[in-house]
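Data block for data.cif (mmCIF, C-alpha atoms):
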data_target
loop_
_atom_site.group_PDB
_atom_site.id
_atom_site.type_symbol
_atom_site.label_atom_id
_atom_site.label_comp_id
_atom_site.auth_asym_id
_atom_site.auth_seq_id
_atom_site.Cartn_x
_atom_site.Cartn_y
_atom_site.Cartn_z
ATOM 1 C CA MET A 273 30.774 -48.875 -62.781
ATOM 2 C CA LYS A 274 31.033 -45.525 -60.998
ATOM 3 C CA ARG A 275 27.869 -44.303 -62.707
ATOM 4 C CA ILE A 276 26.054 -47.487 -61.818
ATOM 5 C CA LYS A 277 27.154 -47.223 -58.185
ATOM 6 C CA LYS A 278 25.766 -43.695 -58.066
ATOM 7 C CA LEU A 279 22.520 -44.976 -59.494
ATOM 8 C CA MET A 280 22.446 -47.735 -56.947
ATOM 9 C CA TYR A 281 22.749 -45.302 -54.036
ATOM 10 C CA LYS A 282 20.319 -42.882 -55.642
ATOM 11 C CA SER A 283 17.702 -45.646 -55.807
ATOM 12 C CA LEU A 284 17.778 -45.813 -52.006
ATOM 13 C CA ASP A 285 16.820 -42.149 -51.525
ATOM 14 C CA ALA A 286 15.022 -40.915 -54.618
ATOM 15 C CA PRO A 287 12.787 -42.349 -57.317
ATOM 16 C CA LEU A 288 14.510 -43.481 -60.501
ATOM 17 C CA SER A 289 13.223 -42.920 -63.996
ATOM 18 C CA VAL A 290 12.026 -45.993 -65.864
ATOM 19 C CA ARG A 291 15.241 -46.070 -67.883
ATOM 20 C CA GLU A 292 17.433 -45.626 -64.783
ATOM 21 C CA GLN A 293 15.600 -48.468 -63.026
ATOM 22 C CA GLN A 294 16.023 -50.731 -66.033
ATOM 23 C CA THR A 295 19.747 -49.909 -66.192
ATOM 24 C CA LEU A 296 20.172 -50.623 -62.495
ATOM 25 C CA ASP A 297 18.210 -53.882 -62.630
ATOM 26 C CA GLU A 298 20.251 -55.092 -65.584
ATOM 27 C CA SER A 299 23.538 -54.204 -63.894
ATOM 28 C CA LEU A 300 22.516 -55.884 -60.636
ATOM 29 C CA SER A 301 21.629 -59.065 -62.484
ATOM 30 C CA LYS A 302 24.906 -59.101 -64.418
ATOM 31 C CA SER A 303 27.366 -58.115 -61.684
ATOM 32 C CA PRO A 304 27.555 -60.257 -58.510
ATOM 33 C CA LYS A 305 29.928 -57.695 -56.943
ATOM 34 C CA LEU A 306 27.444 -54.861 -57.497
ATOM 35 C CA PHE A 307 24.658 -57.039 -56.137
ATOM 36 C CA GLU A 308 26.696 -57.755 -52.997
ATOM 37 C CA ASP A 309 27.404 -54.027 -52.569
ATOM 38 C CA TYR A 310 23.691 -53.326 -52.956
ATOM 39 C CA LYS A 311 22.802 -55.935 -50.320
ATOM 40 C CA MET A 312 25.397 -54.450 -47.967
ATOM 41 C CA ALA A 313 24.036 -50.943 -48.546
ATOM 42 C CA LEU A 314 20.529 -52.158 -47.710
ATOM 43 C CA ARG A 315 21.807 -53.944 -44.620
ATOM 44 C CA ILE A 316 23.593 -50.806 -43.411
ATOM 45 C CA ARG A 317 20.503 -48.675 -43.888
ATOM 46 C CA LYS A 318 18.342 -51.182 -42.057
ATOM 47 C CA ASN A 319 20.695 -51.117 -39.099
ATOM 48 C CA ILE A 320 21.256 -47.377 -38.815
ATOM 49 C CA VAL A 321 18.959 -46.436 -35.963
ATOM 50 C CA PRO A 322 18.804 -43.467 -33.597
ATOM 51 C CA PRO A 323 21.388 -43.870 -30.845
ATOM 52 C CA LYS A 324 20.092 -45.865 -27.902
ATOM 53 C CA ALA A 325 22.071 -43.553 -25.626
ATOM 54 C CA THR A 326 20.316 -40.343 -24.665
ATOM 55 C CA PHE A 327 21.200 -37.383 -22.520
ATOM 56 C CA ALA A 328 21.381 -38.092 -18.794
ATOM 57 C CA SER A 329 18.128 -38.028 -16.835
ATOM 58 C CA SER A 330 19.231 -34.770 -15.172
ATOM 59 C CA PHE A 331 19.630 -33.039 -18.557
ATOM 60 C CA GLU A 332 16.341 -31.152 -18.585
ATOM 61 C CA PHE A 333 16.793 -30.094 -14.951
ATOM 62 C CA ARG A 334 20.230 -28.688 -15.704
ATOM 63 C CA VAL A 335 18.991 -26.858 -18.793
ATOM 64 C CA MET A 336 16.181 -25.225 -16.843
ATOM 65 C CA GLN A 337 18.551 -24.333 -13.993
ATOM 66 C CA LYS A 338 20.605 -22.330 -16.486
ATOM 67 C CA ILE A 339 17.500 -20.877 -18.159
ATOM 68 C CA ASN A 340 16.080 -19.764 -14.802
ATOM 69 C CA SER A 341 19.342 -18.039 -13.947
ATOM 70 C CA ILE A 342 19.148 -15.835 -17.049
ATOM 71 C CA PRO A 343 17.824 -12.370 -16.071
ATOM 72 C CA PRO A 344 14.353 -11.601 -17.455
ATOM 73 C CA GLY A 345 14.272 -9.593 -20.666
ATOM 74 C CA ASN A 346 17.523 -11.104 -21.886
ATOM 75 C CA THR A 347 15.961 -12.754 -24.915
ATOM 76 C CA SER A 348 16.335 -10.325 -27.772
ATOM 77 C CA GLY A 349 17.678 -11.190 -31.150
ATOM 78 C CA LEU A 350 20.444 -8.703 -30.528
ATOM 79 C CA ASP A 351 21.822 -10.859 -27.729
ATOM 80 C CA ASN A 352 22.289 -13.548 -30.299
ATOM 81 C CA VAL A 353 23.948 -11.249 -32.812
ATOM 82 C CA LEU A 354 26.292 -9.351 -30.530
ATOM 83 C CA PRO A 355 28.480 -12.274 -29.438
ATOM 84 C CA THR A 356 28.918 -13.240 -33.051
ATOM 85 C CA TYR A 357 30.182 -9.827 -34.080
ATOM 86 C CA LYS A 358 31.743 -8.829 -30.794
ATOM 87 C CA LYS A 359 35.268 -9.658 -31.837
ATOM 88 C CA ALA A 360 34.999 -7.844 -35.173
ATOM 89 C CA THR A 361 33.327 -4.856 -33.531
ATOM 90 C CA VAL A 362 36.023 -4.527 -30.873
ATOM 91 C CA ILE A 363 38.817 -4.812 -33.446
ATOM 92 C CA GLY A 364 37.095 -2.294 -35.729
ATOM 93 C CA ILE A 365 36.621 0.252 -32.964
ATOM 94 C CA ALA A 366 40.216 -0.233 -31.811
ATOM 95 C CA THR A 367 41.473 0.316 -35.372
ATOM 96 C CA ILE A 368 39.456 3.520 -35.804
ATOM 97 C CA ALA A 369 40.684 4.785 -32.440
ATOM 98 C CA ALA A 370 44.292 4.031 -33.424
ATOM 99 C CA ILE A 371 43.896 5.910 -36.731
ATOM 100 C CA LEU A 372 42.410 8.930 -34.975
ATOM 101 C CA ILE A 373 45.154 9.014 -32.342
ATOM 102 C CA LEU A 374 47.858 8.625 -34.994
ATOM 103 C CA THR A 375 46.310 11.439 -37.048
ATOM 104 C CA LEU A 376 46.198 13.682 -34.018
ATOM 105 C CA ILE A 377 49.859 12.994 -33.263
ATOM 106 C CA LEU A 378 51.070 13.435 -36.835
ATOM 107 C CA GLN A 379 48.696 16.096 -38.149
ATOM 108 C CA GLY A 380 47.661 17.796 -34.934
ATOM 109 C CA SER A 381 44.033 17.672 -36.010
ATOM 110 C CA PHE A 382 40.983 15.390 -36.076
ATOM 111 C CA SER A 383 39.531 17.045 -39.153
ATOM 112 C CA LEU A 384 38.227 14.905 -41.982
ATOM 113 C CA ASN A 385 40.908 16.300 -44.262
ATOM 114 C CA SER A 386 43.585 15.269 -41.777
ATOM 115 C CA VAL A 387 42.213 11.775 -41.369
ATOM 116 C CA THR A 388 41.875 11.228 -45.106
ATOM 117 C CA GLY A 389 45.215 12.864 -45.890
ATOM 118 C CA LEU A 390 43.728 15.616 -47.985
ATOM 119 C CA ASP A 391 45.553 18.207 -45.873
ATOM 120 C CA ALA A 392 48.793 17.134 -47.511
ATOM 121 C CA ILE A 393 47.479 17.716 -51.012
ATOM 122 C CA ASN A 394 47.947 21.115 -52.550
ATOM 123 C CA THR A 395 48.806 22.296 -56.027
ATOM 124 C CA ASP A 396 52.594 22.286 -55.426
ATOM 125 C CA ASN A 397 52.581 18.781 -53.901
ATOM 126 C CA LEU A 398 50.384 17.423 -56.659
ATOM 127 C CA THR A 399 52.592 18.917 -59.378
ATOM 128 C CA ALA A 400 55.693 17.534 -57.707
ATOM 129 C CA PHE A 401 54.087 14.119 -57.339
ATOM 130 C CA LEU A 402 53.057 13.992 -60.990
ATOM 131 C CA ALA A 403 56.450 15.216 -62.164
ATOM 132 C CA PHE A 404 58.223 12.610 -60.049
ATOM 133 C CA GLU A 405 56.020 9.729 -61.112
ATOM 134 C CA PHE A 406 55.758 10.624 -64.759
ATOM 135 C CA MET B 240 -0.188 -27.789 -14.704
ATOM 136 C CA VAL B 241 2.771 -29.317 -16.530
ATOM 137 C CA ARG B 242 0.528 -32.000 -18.086
ATOM 138 C CA ALA B 243 -1.902 -29.368 -19.395
ATOM 139 C CA GLN B 244 0.981 -27.368 -20.829
ATOM 140 C CA ARG B 245 2.324 -30.458 -22.636
ATOM 141 C CA GLU B 246 -0.851 -30.584 -24.669
ATOM 142 C CA ASN B 247 -0.310 -27.058 -25.984
ATOM 143 C CA SER B 248 1.195 -26.638 -29.423
ATOM 144 C CA ASP B 249 4.782 -25.484 -29.827
ATOM 145 C CA ILE B 250 3.630 -22.017 -30.833
ATOM 146 C CA GLU B 251 1.313 -21.696 -27.831
ATOM 147 C CA LEU B 252 4.085 -22.768 -25.461
ATOM 148 C CA LEU B 253 6.475 -20.401 -27.191
ATOM 149 C CA ASP B 254 4.092 -17.473 -26.772
ATOM 150 C CA MET B 255 3.791 -18.292 -23.080
ATOM 151 C CA ALA B 256 7.569 -18.577 -22.761
ATOM 152 C CA ARG B 257 8.038 -15.233 -24.499
ATOM 153 C CA ALA B 258 5.651 -13.725 -21.968
ATOM 154 C CA GLY B 259 7.988 -14.919 -19.207
ATOM 155 C CA ASP B 260 6.588 -18.367 -18.386
ATOM 156 C CA ASN B 261 9.700 -20.493 -17.960
ATOM 157 C CA ASN B 262 7.573 -23.555 -17.177
ATOM 158 C CA ALA B 263 6.227 -23.322 -20.719
ATOM 159 C CA PHE B 264 9.791 -23.238 -22.010
ATOM 160 C CA GLY B 265 10.507 -26.280 -19.839
ATOM 161 C CA ALA B 266 7.666 -28.092 -21.579
ATOM 162 C CA LEU B 267 9.265 -27.283 -24.926
ATOM 163 C CA VAL B 268 12.601 -28.607 -23.663
ATOM 164 C CA HIS B 269 10.918 -31.819 -22.529
ATOM 165 C CA ARG B 270 9.122 -32.235 -25.845
ATOM 166 C CA HIS B 271 12.154 -31.707 -28.058
ATOM 167 C CA THR B 272 14.966 -33.246 -25.990
ATOM 168 C CA PRO B 273 14.641 -36.757 -27.522
ATOM 169 C CA ARG B 274 15.175 -35.547 -31.049
ATOM 170 C CA ILE B 275 17.922 -33.091 -30.111
ATOM 171 C CA SER B 276 19.594 -35.862 -28.134
ATOM 172 C CA ALA B 277 19.476 -38.256 -31.111
ATOM 173 C CA THR B 278 20.866 -35.574 -33.418
ATOM 174 C CA VAL B 279 23.701 -34.388 -31.203
ATOM 175 C CA ILE B 280 24.719 -37.864 -30.049
ATOM 176 C CA GLY B 281 24.480 -39.010 -33.653
ATOM 177 C CA MET B 282 26.920 -36.260 -34.619
ATOM 178 C CA LEU B 283 29.267 -36.309 -31.613
ATOM 179 C CA GLY B 284 28.825 -39.694 -30.021
ATOM 180 C CA ASN B 285 27.748 -40.326 -26.452
ATOM 181 C CA THR B 286 30.267 -37.934 -24.919
ATOM 182 C CA ALA B 287 30.295 -35.167 -22.332
ATOM 183 C CA ALA B 288 30.629 -32.706 -25.210
ATOM 184 C CA ALA B 289 27.301 -33.917 -26.610
ATOM 185 C CA ASP B 290 25.583 -33.109 -23.315
ATOM 186 C CA ASP B 291 27.125 -29.610 -23.295
ATOM 187 C CA VAL B 292 26.091 -28.990 -26.898
ATOM 188 C CA GLY B 293 22.590 -30.250 -26.149
ATOM 189 C CA GLN B 294 22.235 -27.772 -23.303
ATOM 190 C CA GLU B 295 23.584 -24.980 -25.480
ATOM 191 C CA VAL B 296 20.935 -25.682 -28.136
ATOM 192 C CA PHE B 297 18.150 -24.829 -25.719
ATOM 193 C CA ILE B 298 19.977 -21.937 -24.084
ATOM 194 C CA ARG B 299 20.681 -20.373 -27.474
ATOM 195 C CA PHE B 300 17.077 -20.849 -28.444
ATOM 196 C CA PHE B 301 15.894 -19.298 -25.179
ATOM 197 C CA ARG B 302 18.054 -16.244 -25.803
ATOM 198 C CA SER B 303 16.855 -15.871 -29.394
ATOM 199 C CA MET B 304 13.252 -17.072 -29.211
ATOM 200 C CA ASP B 305 11.939 -13.590 -29.958
ATOM 201 C CA SER B 306 13.527 -13.804 -33.395
ATOM 202 C CA PHE B 307 11.946 -17.165 -34.285
ATOM 203 C CA ASN B 308 9.313 -16.188 -36.846
ATOM 204 C CA GLY B 309 7.540 -19.537 -37.270
ATOM 205 C CA GLN B 310 8.410 -19.912 -40.963
ATOM 206 C CA SER B 311 9.657 -23.407 -40.222
ATOM 207 C CA GLU B 312 8.558 -25.961 -37.659
ATOM 208 C CA LEU B 313 10.114 -25.365 -34.256
ATOM 209 C CA SER B 314 11.595 -28.863 -34.306
ATOM 210 C CA THR B 315 13.311 -28.117 -37.626
ATOM 211 C CA TYR B 316 14.644 -24.824 -36.225
ATOM 212 C CA LEU B 317 16.048 -26.560 -33.153
ATOM 213 C CA ILE B 318 17.595 -29.353 -35.224
ATOM 214 C CA ARG B 319 19.313 -26.733 -37.351
ATOM 215 C CA ILE B 320 20.794 -25.142 -34.206
ATOM 216 C CA ALA B 321 21.832 -28.610 -32.992
ATOM 217 C CA ILE B 322 23.590 -29.457 -36.255
ATOM 218 C CA ASN B 323 25.411 -26.099 -36.364
ATOM 219 C CA LEU B 324 26.560 -26.317 -32.752
ATOM 220 C CA SER B 325 27.652 -29.934 -33.273
ATOM 221 C CA ILE B 326 29.708 -28.873 -36.284
ATOM 222 C CA ASN B 327 31.263 -26.039 -34.260
ATOM 223 C CA GLU B 328 32.204 -28.549 -31.565
ATOM 224 C CA LEU B 329 33.733 -30.941 -34.093
ATOM 225 C CA LYS B 330 35.806 -28.116 -35.571
ATOM 226 C CA ARG B 331 36.872 -27.024 -32.112
ATOM 227 C CA GLN B 332 37.957 -30.567 -31.263
ATOM 228 C CA LYS B 333 39.843 -30.822 -34.540
ATOM 229 C CA ARG B 334 41.701 -27.548 -33.849
ATOM 230 C CA LYS B 335 42.669 -28.774 -30.413
ATOM 231 C CA HIS B 336 43.409 -32.288 -31.703
ATOM 232 C CA THR B 337 41.009 -33.655 -29.125
ATOM 233 C CA VAL B 338 38.653 -35.586 -31.380
ATOM 234 C CA SER B 339 36.972 -38.121 -29.150
ATOM 235 C CA TYR B 340 35.301 -41.233 -30.379
ATOM 236 C CA ASP B 341 32.519 -42.863 -28.503
ATOM 237 C CA ASN B 342 33.862 -46.052 -26.979
ATOM 238 C CA SER B 343 30.907 -46.774 -24.739
ATOM 239 C CA THR B 344 28.745 -49.815 -25.188
ATOM 240 C CA PHE B 345 25.136 -49.419 -26.198
ATOM 241 C CA ASN B 346 22.029 -51.242 -25.061
ATOM 242 C CA ASP B 347 20.530 -53.584 -27.587
ATOM 243 C CA PRO B 348 17.510 -52.155 -29.364
ATOM 244 C CA GLU B 349 14.297 -54.105 -28.785
ATOM 245 C CA GLN B 350 13.395 -55.279 -32.231
ATOM 246 C CA ASP B 351 12.295 -58.523 -33.791
ATOM 247 C CA ASP B 352 14.672 -61.447 -33.933
ATOM 248 C CA SER B 353 15.592 -61.077 -37.583
ATOM 249 C CA VAL B 354 17.103 -57.657 -36.876
ATOM 250 C CA ASN B 355 18.350 -58.531 -33.404
ATOM 251 C CA SER B 356 20.711 -61.306 -34.491
ATOM 252 C CA PRO B 357 24.214 -61.139 -33.004
ATOM 253 C CA GLU B 358 25.627 -60.007 -36.341
ATOM 254 C CA ASN B 359 23.187 -57.116 -36.602
ATOM 255 C CA ARG B 360 23.636 -56.113 -32.962
ATOM 256 C CA ASP B 361 27.332 -55.782 -33.662
ATOM 257 C CA LEU B 362 26.619 -53.961 -36.906
ATOM 258 C CA LYS B 363 24.440 -51.383 -35.125
ATOM 259 C CA GLU B 364 27.219 -50.628 -32.668
ATOM 260 C CA LEU B 365 29.819 -50.563 -35.407
ATOM 261 C CA LEU B 366 27.661 -48.226 -37.476
ATOM 262 C CA GLU B 367 27.260 -45.732 -34.642
ATOM 263 C CA LYS B 368 31.019 -45.589 -34.281
ATOM 264 C CA ALA B 369 31.658 -45.609 -38.023
ATOM 265 C CA ILE B 370 29.432 -42.554 -38.453
ATOM 266 C CA GLN B 371 31.700 -40.727 -35.984
ATOM 267 C CA ARG B 372 34.542 -41.230 -38.423
ATOM 268 C CA LEU B 373 32.855 -39.594 -41.372
ATOM 269 C CA ASP B 374 33.778 -36.104 -42.534
ATOM 270 C CA ILE B 375 31.393 -33.435 -41.252
ATOM 271 C CA LYS B 376 29.699 -32.867 -44.613
ATOM 272 C CA TYR B 377 28.787 -36.549 -44.969
ATOM 273 C CA ARG B 378 28.055 -37.073 -41.298
ATOM 274 C CA LYS B 379 25.361 -34.426 -41.093
ATOM 275 C CA VAL B 380 23.376 -35.784 -44.063
ATOM 276 C CA ILE B 381 23.727 -39.360 -42.808
ATOM 277 C CA VAL B 382 22.564 -38.343 -39.316
ATOM 278 C CA LEU B 383 19.589 -36.306 -40.523
ATOM 279 C CA ARG B 384 18.476 -38.644 -43.310
ATOM 280 C CA LEU B 385 19.263 -42.090 -41.962
ATOM 281 C CA VAL B 386 19.654 -41.755 -38.180
ATOM 282 C CA ILE B 387 16.878 -39.264 -37.432
ATOM 283 C CA GLY B 388 14.785 -40.202 -40.460
ATOM 284 C CA TYR B 389 14.115 -36.900 -42.204
ATOM 285 C CA SER B 390 13.261 -37.173 -45.887
ATOM 286 C CA THR B 391 15.823 -36.123 -48.461
ATOM 287 C CA LYS B 392 13.822 -32.947 -49.081
ATOM 288 C CA GLU B 393 13.610 -32.113 -45.366
ATOM 289 C CA THR B 394 17.329 -32.777 -44.982
ATOM 290 C CA ALA B 395 18.069 -30.383 -47.836
ATOM 291 C CA LYS B 396 15.861 -27.738 -46.226
ATOM 292 C CA ILE B 397 17.432 -28.077 -42.789
ATOM 293 C CA LEU B 398 20.953 -27.867 -44.161
ATOM 294 C CA ASP B 399 20.029 -25.266 -46.768
ATOM 295 C CA ILE B 400 21.702 -27.190 -49.578
ATOM 296 C CA PRO B 401 20.299 -28.479 -52.886
ATOM 297 C CA MET B 402 18.694 -31.910 -52.955
ATOM 298 C CA GLY B 403 21.235 -33.062 -55.504
ATOM 299 C CA THR B 404 23.980 -32.271 -53.007
ATOM 300 C CA VAL B 405 22.160 -34.243 -50.310
ATOM 301 C CA LEU B 406 21.848 -37.255 -52.609
ATOM 302 C CA SER B 407 25.473 -37.056 -53.656
ATOM 303 C CA ARG B 408 26.728 -36.761 -50.071
ATOM 304 C CA LEU B 409 24.442 -39.588 -48.965
ATOM 305 C CA ALA B 410 25.909 -41.804 -51.663
ATOM 306 C CA ARG B 411 29.491 -40.936 -50.740
ATOM 307 C CA GLY B 412 28.789 -41.168 -47.023
ATOM 308 C CA GLN B 413 27.300 -44.625 -47.373
ATOM 309 C CA LYS B 414 30.177 -45.729 -49.558
ATOM 310 C CA LYS B 415 32.630 -44.534 -46.902
ATOM 311 C CA LEU B 416 30.671 -46.387 -44.216
ATOM 312 C CA GLN B 417 30.974 -49.583 -46.247
ATOM 313 C CA VAL B 418 34.706 -49.066 -46.586
ATOM 314 C CA ILE B 419 35.091 -48.441 -42.833
ATOM 315 C CA LEU B 420 33.009 -51.493 -41.987
ATOM 316 C CA ALA B 421 34.467 -53.845 -44.595
ATOM 317 C CA PRO B 422 37.156 -55.392 -42.325
ATOM 318 C CA TYR B 423 34.574 -56.103 -39.625
ATOM 319 C CA VAL B 424 31.470 -57.185 -41.456
ATOM 320 C CA SER B 425 30.863 -59.857 -44.054
ATOM 321 C CA ASN B 426 27.790 -60.093 -46.237
#

Turn the structure described in the file into structure tokens.
Amino acid sequence: MKRIKKLMYKSLDAPLSVREQQTLDESLSKSPKLFEDYKMALRIRKNIVPPKATFASSFEFRVMQKINSIPPGNTSGLDNVLPTYKKATVIGIATIAAILILTLILQGSFSLNSVTGLDAINTDNLTAFLAFEF
Amino acid sequence: MVRAQRENSDIELLDMARAGDNNAFGALVHRHTPRISATVIGMLGNTAAADDVGQEVFIRFFRSMDSFNGQSELSTYLIRIAINLSINELKRQKRKHTVSYDNSTFNDPEQDDSVNSPENRDLKELLEKAIQRLDIKYRKVIVLRLVIGYSTKETAKILDIPMGTVLSRLARGQKKLQVILAPYVSN
């Protein structure tokens, strides 16, 4: 029955193959419950209409009031992108700044080696690390 | 002047708006408000939030009109913005537990008597409210396909999902509508 129900709904939105149509027709003729569901589905579709309610009559005026208050030249694609990534950008910059400040405090240097921790690696440290781990 | 501008195509009005002619943009707003209104109210109900979202559709488009490349119809582009902003609003309401259902009454549509029977008038109102109770993924296909009247293919294109998914969600959405309406409507 589930497969037939799917077929029934599909018939309302897409063409069925000859075999699918035959299957549906047979099932509709044999099952009063399915036929009632089909009639109800048709009735629902017939009565789904665009909402009678619309935006208030002042809607367009209010939209244009806001549009006219936007400074000229403020219509680039970037304006649309920036708000989306603003939060991530701010957090990212704050994180990088925190890492740099921490490195300066702990290592006394902004060098790439300091930031990446390569300063701490030398032959003795590496040997000790390997010996300890293995 | 406004009447002459209304006869211009969307692209012509858009070019004028990009050049700084806000009256041209106003003509676009006037032209596309009915469909945006039907979409947003279909998704959110006749609520204050729908009005806010409707305004935001055009403001967002105004701010990003330089990046509209004309690959799709302008109406399709605006509908896509409307659907996305409506979904954002629904999610926001859900997070704040402030989901609002439209409890207003609606005017009767002017149709022939066979459709305008008391039972069908009630059914139309019930359907509008029942759609508000659908999950977002079913609601958007029902609104685009059945409320606004886009084809299944157009609905798939607007939502950027496969046609099979549209058909499957339409089927489930309609089934859910029948379940919601069952206590109120008899065949």

Item to complete: Run the PyMOL selection byres ((chain A) within 10 of (chain B)) mentally over the shown coordinates, then write out the matched residues as a count of residues only, using the chain letters and numbers from the document.
Response: 49

Discussion item. Could you tell me, as a count of residues only, exactly which residues end up selected when the PyMOL selection byres ((chain B and resi 309-320) around 7) is applied to this structure?
Written reply: 11

Around all listed atoms of segment 284-302 of chain B, padded 4 Å per side, what centre and edge lengths does the axis-aligned box have in Å to one decimal, as lines of an AutoDock Vina configuration file?
center_x = 23.3
center_y = -28.3
center_z = -26.2
size_x = 22.7
size_y = 32.1
size_z = 15.7

Fill in: One-decimal distance in Å that lies between atom CA of Gln332 of chain B and atom CA of Ile400 of chain B
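According to the coordinates, atom CA of Ile400 of chain B and atom CA of Gln332 of chain B are separated by 24.7 Å.
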
Discussion item. Please list as JSON, numbers by chain every residue within 9 Å of segment 367-375 of chain A, counting only C-alpha atoms and excluding residues in the same chain fewer than 5 positions away.
Written reply: {"A": [362, 380, 381, 382, 386, 387]}

Reconstructed segment 329-335 of chain A, atom set all heavy atoms, as a compact mmCIF listing (two decimals), in the coordinates of the input:
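Saved the output as selection_17.txt:
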# COMPACT_ATOMS: atom_id res chain seq x y z
N SER A 329 19.47 -38.35 -17.33
CA SER A 329 18.13 -38.03 -16.84
C SER A 329 18.07 -36.63 -16.21
O SER A 329 17.00 -36.03 -16.13
CB SER A 329 17.68 -39.07 -15.81
OG SER A 329 18.65 -39.16 -14.78
N SER A 330 19.22 -36.10 -15.79
CA SER A 330 19.23 -34.77 -15.17
C SER A 330 19.35 -33.66 -16.20
O SER A 330 19.41 -32.48 -15.84
CB SER A 330 20.42 -34.68 -14.20
OG SER A 330 21.63 -34.85 -14.94
N PHE A 331 19.37 -34.03 -17.50
CA PHE A 331 19.63 -33.04 -18.56
C PHE A 331 18.63 -31.88 -18.51
O PHE A 331 19.03 -30.71 -18.47
CB PHE A 331 19.58 -33.73 -19.92
CG PHE A 331 19.71 -32.80 -21.09
CD1 PHE A 331 20.96 -32.34 -21.49
CD2 PHE A 331 18.60 -32.35 -21.78
CE1 PHE A 331 21.08 -31.47 -22.57
CE2 PHE A 331 18.71 -31.47 -22.85
CZ PHE A 331 19.96 -31.04 -23.25
N GLU A 332 17.35 -32.22 -18.52
CA GLU A 332 16.34 -31.15 -18.58
C GLU A 332 16.42 -30.26 -17.35
O GLU A 332 16.26 -29.04 -17.45
CB GLU A 332 14.94 -31.76 -18.71
CG GLU A 332 14.71 -32.44 -20.06
CD GLU A 332 13.37 -33.16 -20.15
OE1 GLU A 332 12.40 -32.69 -19.54
OE2 GLU A 332 13.32 -34.21 -20.81
N PHE A 333 16.66 -30.86 -16.20
CA PHE A 333 16.79 -30.09 -14.95
C PHE A 333 17.95 -29.10 -15.06
O PHE A 333 17.81 -27.93 -14.69
CB PHE A 333 17.02 -31.05 -13.78
CG PHE A 333 17.32 -30.36 -12.48
CD1 PHE A 333 16.30 -29.73 -11.76
CD2 PHE A 333 18.61 -30.31 -11.97
CE1 PHE A 333 16.59 -29.07 -10.57
CE2 PHE A 333 18.89 -29.66 -10.79
CZ PHE A 333 17.88 -29.04 -10.09
N ARG A 334 19.06 -29.56 -15.59
CA ARG A 334 20.23 -28.69 -15.70
C ARG A 334 20.00 -27.57 -16.72
O ARG A 334 20.43 -26.43 -16.53
CB ARG A 334 21.47 -29.51 -16.08
CG ARG A 334 22.01 -30.33 -14.89
CD ARG A 334 23.24 -31.15 -15.22
NE ARG A 334 22.90 -32.37 -15.95
CZ ARG A 334 23.32 -32.64 -17.19
NH1 ARG A 334 24.10 -31.80 -17.83
NH2 ARG A 334 22.97 -33.76 -17.78
N VAL A 335 19.31 -27.90 -17.80
CA VAL A 335 18.99 -26.86 -18.79
C VAL A 335 18.13 -25.78 -18.14
O VAL A 335 18.41 -24.58 -18.27
CB VAL A 335 18.24 -27.47 -20.01
CG1 VAL A 335 17.67 -26.36 -20.90
CG2 VAL A 335 19.18 -28.34 -20.83
